[in-house]
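Some notes on the structure that comes next.
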Amino acid sequence: MKIAKRMAEPHISRVQSPSGLTSSATTTFRNLRNALPREFFDRDPREVSRGLLGKVLVRRNGRKLIAGRVVEVEAYLGAEDAAAHAASGKTARNAVLFGPPGYAYIYFIYGNHFCLNVSTLPDGIAGGVLFRALEPLVGLEQMALARDTELGDLRALTSGPGRLAEALGITRERDNGKDLTSTRSDLWLADDGFVPEKVLVTKRIGITKAADMPLRYLIAGNRFVSGRKSDAKP
DNA sequence: TTATGGATTAGCT
DNA sequence: GCTAATCCATAAA
């Protein structure tokens, strides 16, 4: 299966995802270097969540890039959000959430999975956004290798917080506290100019406390959103 | 020091 | 649809 098509100029070569069906499935290598600035994250997590939909999460492994478009996120607030890790105050684990905006907060869950968040709001104020699903764009073979799955099932690569972390090789040891606003890092967020047509907001998935707050944001109709079809309702 | 349950996933019924 | 797997942060004692 062809996973990437390079044209004459490598810096502006166009990348075509195998899904190939939506405009969100393309990007350019040049645009992957356009990192979101610190200020982008220095806002309420709900605003950052909306803003992150359609942006691209980029991982660099040596000289190879892995990238996926953000199609589903959840906002986690501070003390007023019982489901947030920050709800009961600052600890060694959640310290990044209380720090400056734009840094990776990674936690280990259910004995099996890592989940990636980005810190929001100024230093001293807790808040974050959980990445729940990506649409694979670049480095699909590396993703499949990391996930130990077949390339034929693209949804299995990055549809779900634990899955996308595994596909990009994200671990707490490697990435917790990492600056996500710099391409000098090996993990960052890029703006390639794509704008989602329609965004939906729903209840968050997999929590018991504060379960009714509408803090899950997703790109309407995107097939890489996690969970069942019935979950993708407002 | 011990107990509890979780921002999940994969595999089976 | 249901649940085991499997670690560890946090709360309780």
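Naming scheme: A, B, ... for chains in displayed order of the structure tokens; residues 1 onward per chain; ligands 1 onward as shown.
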Identify all chain B residues at most 10 Å from chain A by counting only C-alpha atoms (C1' of nucleotides); ligands do not count. Present them as a list in words.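 Filtering chain B at 10 Å from chain A with only C-alpha atoms (C1' of nucleotides) gives DG5, DG6, DA7, DT8 and DT9 of chain B.
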Write out as a list in words every residue belonging to chain C that has an atom at most 10 Å from any atom of chain A, counting only C-alpha atoms (C1' of nucleotides).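 Output check: DA5, DT6, DC7, DC8, DA9 and DT10 of chain C.
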Dump all heavy atoms for the selected residues as a CSV table (one decimal), in the first residue's frame?
```csv
chain,number,residue,atom,x,y,z
C,5,DA,P,-6.9,-12.1,34.0
C,5,DA,OP1,-6.2,-13.4,33.7
C,5,DA,OP2,-7.2,-11.7,35.4
C,5,DA,O5',-6.0,-11.0,33.3
C,5,DA,C5',-5.9,-11.0,31.9
C,5,DA,C4',-5.0,-9.8,31.5
C,5,DA,O4',-5.9,-8.6,31.4
C,5,DA,C3',-3.9,-9.5,32.5
C,5,DA,O3',-2.7,-9.1,31.7
C,5,DA,C2',-4.4,-8.3,33.2
C,5,DA,C1',-5.3,-7.6,32.2
C,5,DA,N9,-6.3,-6.7,32.7
C,5,DA,C8,-7.1,-6.9,33.9
C,5,DA,N7,-8.0,-6.0,34.1
C,5,DA,C5,-7.9,-5.1,33.0
C,5,DA,C6,-8.5,-4.0,32.6
C,5,DA,N6,-9.5,-3.4,33.3
C,5,DA,N1,-8.2,-3.4,31.4
C,5,DA,C2,-7.2,-3.9,30.7
C,5,DA,N3,-6.5,-5.0,31.0
C,5,DA,C4,-6.9,-5.6,32.1
C,6,DT,P,-1.4,-9.4,32.4
C,6,DT,OP1,-0.4,-9.6,31.3
C,6,DT,OP2,-1.5,-10.5,33.5
C,6,DT,O5',-1.0,-8.1,33.1
C,6,DT,C5',-0.9,-6.9,32.3
C,6,DT,C4',-0.8,-5.7,33.2
C,6,DT,O4',-2.1,-5.2,33.6
C,6,DT,C3',0.0,-6.0,34.5
C,6,DT,O3',0.9,-5.0,34.7
C,6,DT,C2',-1.1,-5.9,35.6
C,6,DT,C1',-2.1,-4.9,35.0
C,6,DT,N1,-3.5,-5.0,35.5
C,6,DT,C2,-4.4,-4.1,35.0
C,6,DT,O2,-4.1,-3.3,34.1
C,6,DT,N3,-5.7,-4.2,35.5
C,6,DT,C4,-6.1,-5.1,36.5
C,6,DT,O4,-7.2,-5.1,36.9
C,6,DT,C5,-5.0,-6.0,37.0
C,6,DT,C7,-5.3,-7.0,38.1
C,6,DT,C6,-3.8,-5.9,36.5
C,7,DC,P,2.1,-5.2,35.7
C,7,DC,OP1,3.3,-5.6,35.0
C,7,DC,OP2,1.6,-6.0,36.8
C,7,DC,O5',2.3,-3.7,36.2
C,7,DC,C5',2.5,-2.7,35.3
C,7,DC,C4',2.0,-1.4,35.8
C,7,DC,O4',0.6,-1.4,36.1
C,7,DC,C3',2.7,-1.0,37.1
C,7,DC,O3',3.3,0.3,36.9
C,7,DC,C2',1.6,-0.9,38.2
C,7,DC,C1',0.3,-0.7,37.3
C,7,DC,N1,-0.9,-1.2,37.8
C,7,DC,C2,-2.1,-0.4,37.9
C,7,DC,O2,-2.0,0.8,37.5
C,7,DC,N3,-3.3,-0.9,38.3
C,7,DC,C4,-3.4,-2.1,38.7
C,7,DC,N4,-4.5,-2.6,39.1
C,7,DC,C5,-2.2,-3.0,38.7
C,7,DC,C6,-1.0,-2.5,38.2
C,8,DC,P,4.4,0.9,37.8
C,8,DC,OP1,5.4,1.5,36.9
C,8,DC,OP2,4.8,-0.1,38.8
C,8,DC,O5',3.6,2.0,38.5
C,8,DC,C5',2.8,2.9,37.7
C,8,DC,C4',1.8,3.7,38.6
C,8,DC,O4',0.7,2.8,38.9
C,8,DC,C3',2.5,4.1,39.9
C,8,DC,O3',2.0,5.3,40.3
C,8,DC,C2',1.9,3.0,40.9
C,8,DC,C1',0.5,2.9,40.3
C,8,DC,N1,-0.3,1.7,40.8
C,8,DC,C2,-1.7,1.8,40.9
C,8,DC,O2,-2.2,2.9,40.6
C,8,DC,N3,-2.3,0.7,41.3
C,8,DC,C4,-1.7,-0.4,41.5
C,8,DC,N4,-2.4,-1.4,41.9
C,8,DC,C5,-0.3,-0.5,41.5
C,8,DC,C6,0.4,0.6,41.1
C,9,DA,P,3.0,6.5,40.5
C,9,DA,OP1,3.6,6.8,39.2
C,9,DA,OP2,3.8,6.3,41.7
C,9,DA,O5',2.0,7.7,40.8
C,9,DA,C5',0.9,8.0,39.9
C,9,DA,C4',-0.3,8.4,40.6
C,9,DA,O4',-1.0,7.2,41.1
C,9,DA,C3',-0.1,9.3,41.8
C,9,DA,O3',-1.1,10.3,41.8
C,9,DA,C2',-0.2,8.4,43.0
C,9,DA,C1',-1.2,7.3,42.5
C,9,DA,N9,-1.0,6.0,43.0
C,9,DA,C8,0.1,5.3,43.2
C,9,DA,N7,0.0,4.1,43.7
C,9,DA,C5,-1.4,3.9,43.7
C,9,DA,C6,-2.2,2.9,44.1
C,9,DA,N6,-1.7,1.7,44.5
C,9,DA,N1,-3.5,3.0,44.1
C,9,DA,C2,-4.0,4.2,43.7
C,9,DA,N3,-3.4,5.3,43.3
C,9,DA,C4,-2.0,5.1,43.3
C,10,DT,P,-1.1,11.5,42.8
C,10,DT,OP1,-1.6,12.6,42.0
C,10,DT,OP2,0.2,11.6,43.4
C,10,DT,O5',-2.2,11.1,43.8
C,10,DT,C5',-3.5,10.7,43.4
C,10,DT,C4',-4.3,10.1,44.5
C,10,DT,O4',-3.8,8.7,44.7
C,10,DT,C3',-4.2,10.8,45.8
C,10,DT,O3',-5.6,11.2,46.2
C,10,DT,C2',-3.6,9.8,46.8
C,10,DT,C1',-3.9,8.5,46.1
C,10,DT,N1,-3.0,7.3,46.4
C,10,DT,C2,-3.6,6.1,46.7
C,10,DT,O2,-4.8,5.9,46.7
C,10,DT,N3,-2.6,5.1,46.9
C,10,DT,C4,-1.3,5.2,46.9
C,10,DT,O4,-0.5,4.3,47.1
C,10,DT,C5,-0.8,6.6,46.6
C,10,DT,C7,0.7,6.8,46.5
C,10,DT,C6,-1.7,7.5,46.3
```
Test item, alpha helix (DSSP H) assignment across range 132-174 of chain A, answer as a PyMOL selection string: chain A and resi 140-147+155-158+161-167+172-174
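Once DG11 in chain B and its same-chain neighbours fewer than 5 positions away are set aside, DC2, DT3, DA4 and DA5 of chain C remain within 12 Å of it when counting only C-alpha atoms (C1' of nucleotides).
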Report as a compact mmCIF listing (two decimals) with all heavy atoms, in the first residue's frame: the residues of range 39-202 of chain A with a DSSP assignment of strand (DSSP E), based on the backbone of this structure.
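Contents of result_16.txt, freshly written:
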```txt
# COMPACT_ATOMS: atom_id res chain seq x y z
N VAL A 56 -2.10 19.38 13.95
CA VAL A 56 -1.37 18.14 13.71
C VAL A 56 -0.37 17.87 14.82
O VAL A 56 0.40 18.77 15.20
CB VAL A 56 -0.61 18.20 12.36
CG1 VAL A 56 0.08 16.87 12.09
CG2 VAL A 56 -1.56 18.55 11.23
N LEU A 57 -0.43 16.68 15.37
CA LEU A 57 0.55 16.24 16.37
C LEU A 57 1.70 15.55 15.63
O LEU A 57 1.47 14.63 14.84
CB LEU A 57 -0.10 15.28 17.36
CG LEU A 57 0.80 14.73 18.47
CD1 LEU A 57 1.31 15.84 19.39
CD2 LEU A 57 0.05 13.68 19.29
N VAL A 58 2.90 16.06 15.86
CA VAL A 58 4.07 15.56 15.12
C VAL A 58 5.10 14.96 16.07
O VAL A 58 5.43 15.55 17.10
CB VAL A 58 4.75 16.71 14.32
CG1 VAL A 58 5.85 16.14 13.43
CG2 VAL A 58 3.73 17.48 13.50
N ARG A 59 5.59 13.80 15.69
CA ARG A 59 6.65 13.12 16.44
C ARG A 59 7.84 12.94 15.52
O ARG A 59 7.67 12.60 14.34
CB ARG A 59 6.15 11.73 16.88
CG ARG A 59 7.24 10.80 17.35
CD ARG A 59 7.88 11.30 18.61
NE ARG A 59 7.53 10.47 19.75
CZ ARG A 59 7.82 10.80 21.00
NH1 ARG A 59 8.42 11.94 21.27
NH2 ARG A 59 7.50 10.01 21.98
N ARG A 60 9.04 13.22 16.02
CA ARG A 60 10.23 12.93 15.23
C ARG A 60 11.02 11.83 15.92
O ARG A 60 11.40 11.94 17.08
CB ARG A 60 11.09 14.19 15.09
CG ARG A 60 12.29 13.94 14.17
CD ARG A 60 13.10 15.20 13.93
NE ARG A 60 13.55 15.78 15.18
CZ ARG A 60 13.45 17.06 15.50
NH1 ARG A 60 12.88 17.90 14.68
NH2 ARG A 60 13.90 17.49 16.65
N ASN A 61 11.21 10.75 15.18
CA ASN A 61 12.06 9.66 15.65
C ASN A 61 13.31 9.66 14.80
O ASN A 61 13.29 9.19 13.66
CB ASN A 61 11.33 8.31 15.52
CG ASN A 61 10.40 8.06 16.68
OD1 ASN A 61 10.58 8.60 17.77
ND2 ASN A 61 9.38 7.24 16.45
N LYS A 64 12.97 10.38 11.02
CA LYS A 64 11.64 10.05 10.53
C LYS A 64 10.56 10.83 11.28
O LYS A 64 10.65 10.99 12.50
CB LYS A 64 11.38 8.55 10.67
CG LYS A 64 12.24 7.71 9.75
CD LYS A 64 11.82 6.26 9.80
CE LYS A 64 12.60 5.44 8.77
NZ LYS A 64 12.23 4.01 8.82
N LEU A 65 9.56 11.26 10.53
CA LEU A 65 8.43 11.95 11.15
C LEU A 65 7.21 11.04 11.22
O LEU A 65 6.97 10.24 10.32
CB LEU A 65 8.06 13.20 10.35
CG LEU A 65 9.01 14.39 10.38
CD1 LEU A 65 8.38 15.57 9.65
CD2 LEU A 65 9.35 14.79 11.82
N ILE A 66 6.49 11.19 12.31
CA ILE A 66 5.18 10.57 12.45
C ILE A 66 4.22 11.71 12.75
O ILE A 66 4.52 12.57 13.56
CB ILE A 66 5.15 9.56 13.61
CG1 ILE A 66 6.21 8.49 13.41
CG2 ILE A 66 3.77 8.94 13.74
CD1 ILE A 66 6.28 7.51 14.58
N ALA A 67 3.06 11.71 12.08
CA ALA A 67 2.13 12.81 12.33
C ALA A 67 0.70 12.36 12.15
O ALA A 67 0.40 11.48 11.34
CB ALA A 67 2.43 13.97 11.38
N GLY A 68 -0.19 12.97 12.91
CA GLY A 68 -1.61 12.69 12.80
C GLY A 68 -2.42 13.93 13.09
O GLY A 68 -2.03 14.75 13.93
N ARG A 69 -3.55 14.06 12.38
CA ARG A 69 -4.40 15.22 12.63
C ARG A 69 -5.27 14.99 13.85
O ARG A 69 -5.82 13.89 14.02
CB ARG A 69 -5.28 15.51 11.41
CG ARG A 69 -5.99 16.86 11.52
CD ARG A 69 -6.72 17.27 10.25
NE ARG A 69 -5.91 17.21 9.05
CZ ARG A 69 -4.96 18.09 8.71
NH1 ARG A 69 -4.69 19.10 9.52
NH2 ARG A 69 -4.29 17.95 7.59
N VAL A 70 -5.39 16.02 14.68
CA VAL A 70 -6.19 15.93 15.90
C VAL A 70 -7.67 15.98 15.53
O VAL A 70 -8.13 16.97 14.97
CB VAL A 70 -5.85 17.09 16.86
CG1 VAL A 70 -6.68 16.99 18.13
CG2 VAL A 70 -4.36 17.09 17.19
N VAL A 71 -8.39 14.90 15.83
CA VAL A 71 -9.82 14.87 15.49
C VAL A 71 -10.73 14.74 16.71
O VAL A 71 -11.95 14.86 16.59
CB VAL A 71 -10.13 13.72 14.50
CG1 VAL A 71 -9.35 13.90 13.20
CG2 VAL A 71 -9.84 12.37 15.11
N GLU A 72 -10.13 14.51 17.89
CA GLU A 72 -10.95 14.37 19.10
C GLU A 72 -10.10 14.68 20.32
O GLU A 72 -9.01 14.14 20.49
CB GLU A 72 -11.49 12.93 19.21
CG GLU A 72 -12.30 12.69 20.48
CD GLU A 72 -12.68 11.22 20.65
OE1 GLU A 72 -12.41 10.42 19.73
OE2 GLU A 72 -13.22 10.88 21.70
N VAL A 73 -10.61 15.56 21.18
CA VAL A 73 -9.92 15.91 22.43
C VAL A 73 -10.94 16.08 23.55
O VAL A 73 -12.15 16.15 23.30
CB VAL A 73 -9.13 17.24 22.29
CG1 VAL A 73 -8.00 17.12 21.28
CG2 VAL A 73 -10.05 18.39 21.95
N GLU A 74 -10.44 16.12 24.78
CA GLU A 74 -11.31 16.44 25.91
C GLU A 74 -10.62 17.48 26.79
O GLU A 74 -9.40 17.42 27.01
CB GLU A 74 -11.61 15.19 26.75
CG GLU A 74 -12.63 14.27 26.11
CD GLU A 74 -12.86 12.99 26.89
OE1 GLU A 74 -12.17 12.77 27.91
OE2 GLU A 74 -13.72 12.21 26.49
N ALA A 75 -11.42 18.41 27.30
CA ALA A 75 -10.90 19.43 28.22
C ALA A 75 -11.02 18.95 29.65
O ALA A 75 -12.02 18.34 30.03
CB ALA A 75 -11.68 20.73 28.04
N TYR A 76 -9.97 19.17 30.43
CA TYR A 76 -10.01 18.90 31.87
C TYR A 76 -9.62 20.17 32.60
O TYR A 76 -8.59 20.78 32.32
CB TYR A 76 -9.09 17.73 32.21
CG TYR A 76 -9.72 16.42 31.79
CD1 TYR A 76 -9.56 15.94 30.50
CD2 TYR A 76 -10.55 15.72 32.66
CE1 TYR A 76 -10.19 14.77 30.09
CE2 TYR A 76 -11.19 14.56 32.27
CZ TYR A 76 -11.00 14.09 30.98
OH TYR A 76 -11.64 12.94 30.59
N ALA A 104 3.73 18.81 27.82
CA ALA A 104 3.10 17.49 27.80
C ALA A 104 2.92 16.95 29.21
O ALA A 104 3.87 16.87 29.99
CB ALA A 104 3.95 16.53 26.98
N TYR A 105 1.70 16.59 29.53
CA TYR A 105 1.39 15.86 30.77
C TYR A 105 0.98 14.45 30.36
O TYR A 105 0.00 14.26 29.64
CB TYR A 105 0.27 16.54 31.55
CG TYR A 105 -0.33 15.66 32.63
CD1 TYR A 105 0.46 15.10 33.64
CD2 TYR A 105 -1.70 15.38 32.65
CE1 TYR A 105 -0.09 14.29 34.63
CE2 TYR A 105 -2.26 14.58 33.63
CZ TYR A 105 -1.45 14.04 34.61
OH TYR A 105 -2.00 13.23 35.58
N ILE A 106 1.75 13.47 30.81
CA ILE A 106 1.48 12.09 30.42
C ILE A 106 1.28 11.24 31.67
O ILE A 106 2.09 11.30 32.60
CB ILE A 106 2.63 11.54 29.57
CG1 ILE A 106 2.66 12.28 28.23
CG2 ILE A 106 2.46 10.05 29.32
CD1 ILE A 106 4.01 12.38 27.64
N TYR A 107 0.21 10.48 31.67
CA TYR A 107 -0.04 9.60 32.81
C TYR A 107 -0.25 8.17 32.31
O TYR A 107 -0.54 7.93 31.14
CB TYR A 107 -1.25 10.07 33.63
CG TYR A 107 -2.55 10.05 32.86
CD1 TYR A 107 -3.35 8.92 32.86
CD2 TYR A 107 -2.96 11.16 32.14
CE1 TYR A 107 -4.54 8.90 32.16
CE2 TYR A 107 -4.14 11.14 31.44
CZ TYR A 107 -4.93 10.02 31.44
OH TYR A 107 -6.09 9.99 30.74
N PHE A 108 -0.07 7.25 33.24
CA PHE A 108 -0.18 5.82 32.96
C PHE A 108 -1.49 5.33 33.57
O PHE A 108 -1.81 5.65 34.71
CB PHE A 108 1.01 5.12 33.60
CG PHE A 108 1.16 3.68 33.23
CD1 PHE A 108 1.36 3.31 31.91
CD2 PHE A 108 1.15 2.70 34.19
CE1 PHE A 108 1.52 1.98 31.55
CE2 PHE A 108 1.31 1.36 33.85
CZ PHE A 108 1.50 1.01 32.53
N ILE A 109 -2.26 4.58 32.79
CA ILE A 109 -3.61 4.24 33.26
C ILE A 109 -3.92 2.77 33.04
O ILE A 109 -3.49 2.17 32.07
CB ILE A 109 -4.67 5.14 32.55
CG1 ILE A 109 -6.04 5.01 33.20
CG2 ILE A 109 -4.72 4.84 31.06
CD1 ILE A 109 -6.13 5.60 34.58
N HIS A 113 -1.66 1.65 29.67
CA HIS A 113 -1.67 2.68 28.63
C HIS A 113 -1.17 4.04 29.11
O HIS A 113 -1.41 4.42 30.26
CB HIS A 113 -3.08 2.85 28.08
CG HIS A 113 -3.73 1.56 27.72
ND1 HIS A 113 -3.35 0.84 26.61
CD2 HIS A 113 -4.69 0.82 28.33
CE1 HIS A 113 -4.07 -0.27 26.54
NE2 HIS A 113 -4.89 -0.31 27.58
N PHE A 114 -0.50 4.75 28.18
CA PHE A 114 -0.15 6.14 28.42
C PHE A 114 -1.15 7.03 27.71
O PHE A 114 -1.65 6.68 26.64
CB PHE A 114 1.26 6.44 27.89
CG PHE A 114 2.35 5.76 28.66
CD1 PHE A 114 2.95 4.61 28.17
CD2 PHE A 114 2.76 6.26 29.89
CE1 PHE A 114 3.96 3.97 28.89
CE2 PHE A 114 3.76 5.62 30.61
CZ PHE A 114 4.35 4.48 30.11
N CYS A 115 -1.43 8.19 28.34
CA CYS A 115 -2.31 9.15 27.69
C CYS A 115 -1.62 10.51 27.67
O CYS A 115 -0.97 10.91 28.65
CB CYS A 115 -3.64 9.27 28.44
SG CYS A 115 -4.62 7.76 28.42
N LEU A 116 -1.77 11.22 26.56
CA LEU A 116 -1.11 12.51 26.36
C LEU A 116 -2.07 13.67 26.57
O LEU A 116 -3.18 13.68 26.03
CB LEU A 116 -0.55 12.59 24.94
CG LEU A 116 -0.04 13.95 24.47
CD1 LEU A 116 1.23 14.34 25.20
CD2 LEU A 116 0.18 13.94 22.96
N ASN A 117 -1.63 14.64 27.36
CA ASN A 117 -2.34 15.91 27.52
C ASN A 117 -1.38 17.04 27.24
O ASN A 117 -0.16 16.86 27.30
CB ASN A 117 -2.80 16.12 28.97
CG ASN A 117 -3.77 15.08 29.47
OD1 ASN A 117 -4.90 15.38 29.77
ND2 ASN A 117 -3.32 13.85 29.60
N VAL A 118 -1.95 18.22 26.98
CA VAL A 118 -1.11 19.42 26.92
C VAL A 118 -1.63 20.39 28.00
O VAL A 118 -2.84 20.53 28.19
CB VAL A 118 -1.14 20.07 25.52
CG1 VAL A 118 -2.53 20.49 25.10
CG2 VAL A 118 -0.16 21.24 25.48
N SER A 119 -0.69 21.00 28.70
CA SER A 119 -1.08 21.94 29.75
C SER A 119 -1.62 23.22 29.13
O SER A 119 -1.21 23.63 28.03
CB SER A 119 0.11 22.26 30.66
OG SER A 119 1.17 22.85 29.92
N GLY A 128 -5.92 21.26 31.35
CA GLY A 128 -5.25 20.53 30.29
C GLY A 128 -6.23 20.01 29.26
O GLY A 128 -7.45 20.06 29.44
N VAL A 129 -5.67 19.50 28.17
CA VAL A 129 -6.47 18.90 27.10
C VAL A 129 -5.91 17.52 26.80
O VAL A 129 -4.71 17.36 26.56
CB VAL A 129 -6.44 19.77 25.82
CG1 VAL A 129 -7.20 19.08 24.70
CG2 VAL A 129 -7.01 21.15 26.10
N LEU A 130 -6.81 16.53 26.84
CA LEU A 130 -6.44 15.15 26.54
C LEU A 130 -6.63 14.86 25.05
O LEU A 130 -7.69 15.15 24.50
CB LEU A 130 -7.33 14.19 27.36
CG LEU A 130 -7.29 12.71 26.96
CD1 LEU A 130 -5.97 12.08 27.36
CD2 LEU A 130 -8.46 11.95 27.60
N PHE A 131 -5.63 14.28 24.43
CA PHE A 131 -5.74 13.89 23.03
C PHE A 131 -6.36 12.50 22.95
O PHE A 131 -5.80 11.53 23.43
CB PHE A 131 -4.35 13.89 22.38
CG PHE A 131 -3.76 15.26 22.25
CD1 PHE A 131 -3.07 15.83 23.30
CD2 PHE A 131 -3.93 15.99 21.09
CE1 PHE A 131 -2.55 17.11 23.19
CE2 PHE A 131 -3.41 17.28 20.97
CZ PHE A 131 -2.72 17.84 22.03
N ARG A 132 -7.53 12.40 22.30
CA ARG A 132 -8.25 11.14 22.27
C ARG A 132 -8.19 10.41 20.93
O ARG A 132 -8.38 9.19 20.89
CB ARG A 132 -9.71 11.35 22.65
CG ARG A 132 -9.93 11.63 24.14
CD ARG A 132 -11.40 11.40 24.51
NE ARG A 132 -11.80 10.06 24.13
CZ ARG A 132 -11.71 9.00 24.94
NH1 ARG A 132 -11.28 9.15 26.18
NH2 ARG A 132 -12.07 7.83 24.52
N ALA A 133 -7.98 11.14 19.86
CA ALA A 133 -7.90 10.45 18.57
C ALA A 133 -7.22 11.32 17.53
O ALA A 133 -7.38 12.53 17.51
CB ALA A 133 -9.30 10.06 18.08
N LEU A 134 -6.47 10.66 16.65
CA LEU A 134 -5.81 11.31 15.53
C LEU A 134 -6.23 10.64 14.24
O LEU A 134 -6.58 9.46 14.24
CB LEU A 134 -4.29 11.19 15.64
CG LEU A 134 -3.58 11.68 16.90
CD1 LEU A 134 -2.10 11.36 16.80
CD2 LEU A 134 -3.81 13.16 17.11
N GLU A 135 -6.15 11.39 13.14
CA GLU A 135 -6.24 10.79 11.81
C GLU A 135 -4.81 10.65 11.29
O GLU A 135 -4.10 11.63 11.15
CB GLU A 135 -7.04 11.69 10.88
CG GLU A 135 -7.05 11.16 9.45
CD GLU A 135 -8.07 11.85 8.56
OE1 GLU A 135 -8.84 12.68 9.07
OE2 GLU A 135 -8.09 11.55 7.37
N PRO A 136 -4.36 9.42 11.02
CA PRO A 136 -2.97 9.21 10.61
C PRO A 136 -2.65 9.97 9.32
O PRO A 136 -3.42 9.95 8.36
CB PRO A 136 -2.90 7.70 10.36
CG PRO A 136 -4.05 7.12 11.10
CD PRO A 136 -5.12 8.16 11.07
N LEU A 137 -1.50 10.65 9.31
CA LEU A 137 -1.09 11.42 8.13
C LEU A 137 0.26 10.96 7.59
O LEU A 137 0.43 10.77 6.40
CB LEU A 137 -0.98 12.91 8.47
CG LEU A 137 -2.24 13.69 8.81
CD1 LEU A 137 -1.89 15.12 9.19
CD2 LEU A 137 -3.20 13.68 7.63
N VAL A 138 1.24 10.83 8.48
CA VAL A 138 2.62 10.55 8.07
C VAL A 138 3.20 9.46 8.96
O VAL A 138 2.95 9.44 10.17
CB VAL A 138 3.48 11.83 8.22
CG1 VAL A 138 4.93 11.54 7.85
CG2 VAL A 138 2.94 12.96 7.35
N LEU A 187 8.57 16.26 19.78
CA LEU A 187 7.11 16.11 19.85
C LEU A 187 6.52 17.52 19.91
O LEU A 187 6.86 18.29 20.81
CB LEU A 187 6.71 15.32 21.12
CG LEU A 187 5.25 14.93 21.27
CD1 LEU A 187 4.80 13.96 20.19
CD2 LEU A 187 5.00 14.33 22.66
N TRP A 188 5.67 17.86 18.93
CA TRP A 188 5.12 19.20 18.93
C TRP A 188 3.78 19.22 18.19
O TRP A 188 3.39 18.22 17.58
CB TRP A 188 6.09 20.21 18.31
CG TRP A 188 6.31 20.07 16.83
CD1 TRP A 188 5.59 20.67 15.83
CD2 TRP A 188 7.33 19.29 16.18
NE1 TRP A 188 6.11 20.31 14.61
CE2 TRP A 188 7.17 19.47 14.79
CE3 TRP A 188 8.36 18.47 16.65
CZ2 TRP A 188 8.00 18.85 13.86
CZ3 TRP A 188 9.19 17.85 15.72
CH2 TRP A 188 9.00 18.05 14.34
N LEU A 189 3.11 20.38 18.27
CA LEU A 189 1.83 20.56 17.59
C LEU A 189 1.99 21.58 16.49
O LEU A 189 2.55 22.66 16.71
CB LEU A 189 0.77 21.01 18.60
CG LEU A 189 0.32 19.84 19.48
CD1 LEU A 189 -0.22 20.33 20.81
CD2 LEU A 189 -0.72 19.00 18.75
N ALA A 190 1.49 21.23 15.30
CA ALA A 190 1.66 22.10 14.14
C ALA A 190 0.31 22.55 13.59
O ALA A 190 -0.70 21.86 13.72
CB ALA A 190 2.43 21.35 13.06
N VAL A 199 -17.63 21.14 14.25
CA VAL A 199 -17.16 20.59 15.52
C VAL A 199 -18.35 20.21 16.38
O VAL A 199 -19.32 20.97 16.48
CB VAL A 199 -16.28 21.64 16.25
CG1 VAL A 199 -16.01 21.20 17.68
CG2 VAL A 199 -14.98 21.88 15.50
N LEU A 200 -18.28 19.04 17.01
CA LEU A 200 -19.32 18.62 17.94
C LEU A 200 -18.76 18.63 19.35
O LEU A 200 -17.57 18.38 19.56
CB LEU A 200 -19.81 17.21 17.61
CG LEU A 200 -20.54 17.00 16.28
CD1 LEU A 200 -20.98 15.54 16.15
CD2 LEU A 200 -21.76 17.92 16.20
N VAL A 201 -19.65 18.88 20.32
CA VAL A 201 -19.27 18.84 21.72
C VAL A 201 -20.17 17.84 22.44
O VAL A 201 -21.39 17.89 22.30
CB VAL A 201 -19.42 20.23 22.38
CG1 VAL A 201 -18.94 20.18 23.83
CG2 VAL A 201 -18.66 21.28 21.61
N THR A 202 -19.58 16.90 23.17
CA THR A 202 -20.36 15.87 23.86
C THR A 202 -19.83 15.69 25.27
O THR A 202 -18.87 16.33 25.68
CB THR A 202 -20.26 14.51 23.13
OG1 THR A 202 -18.98 13.92 23.44
CG2 THR A 202 -20.37 14.66 21.62
```
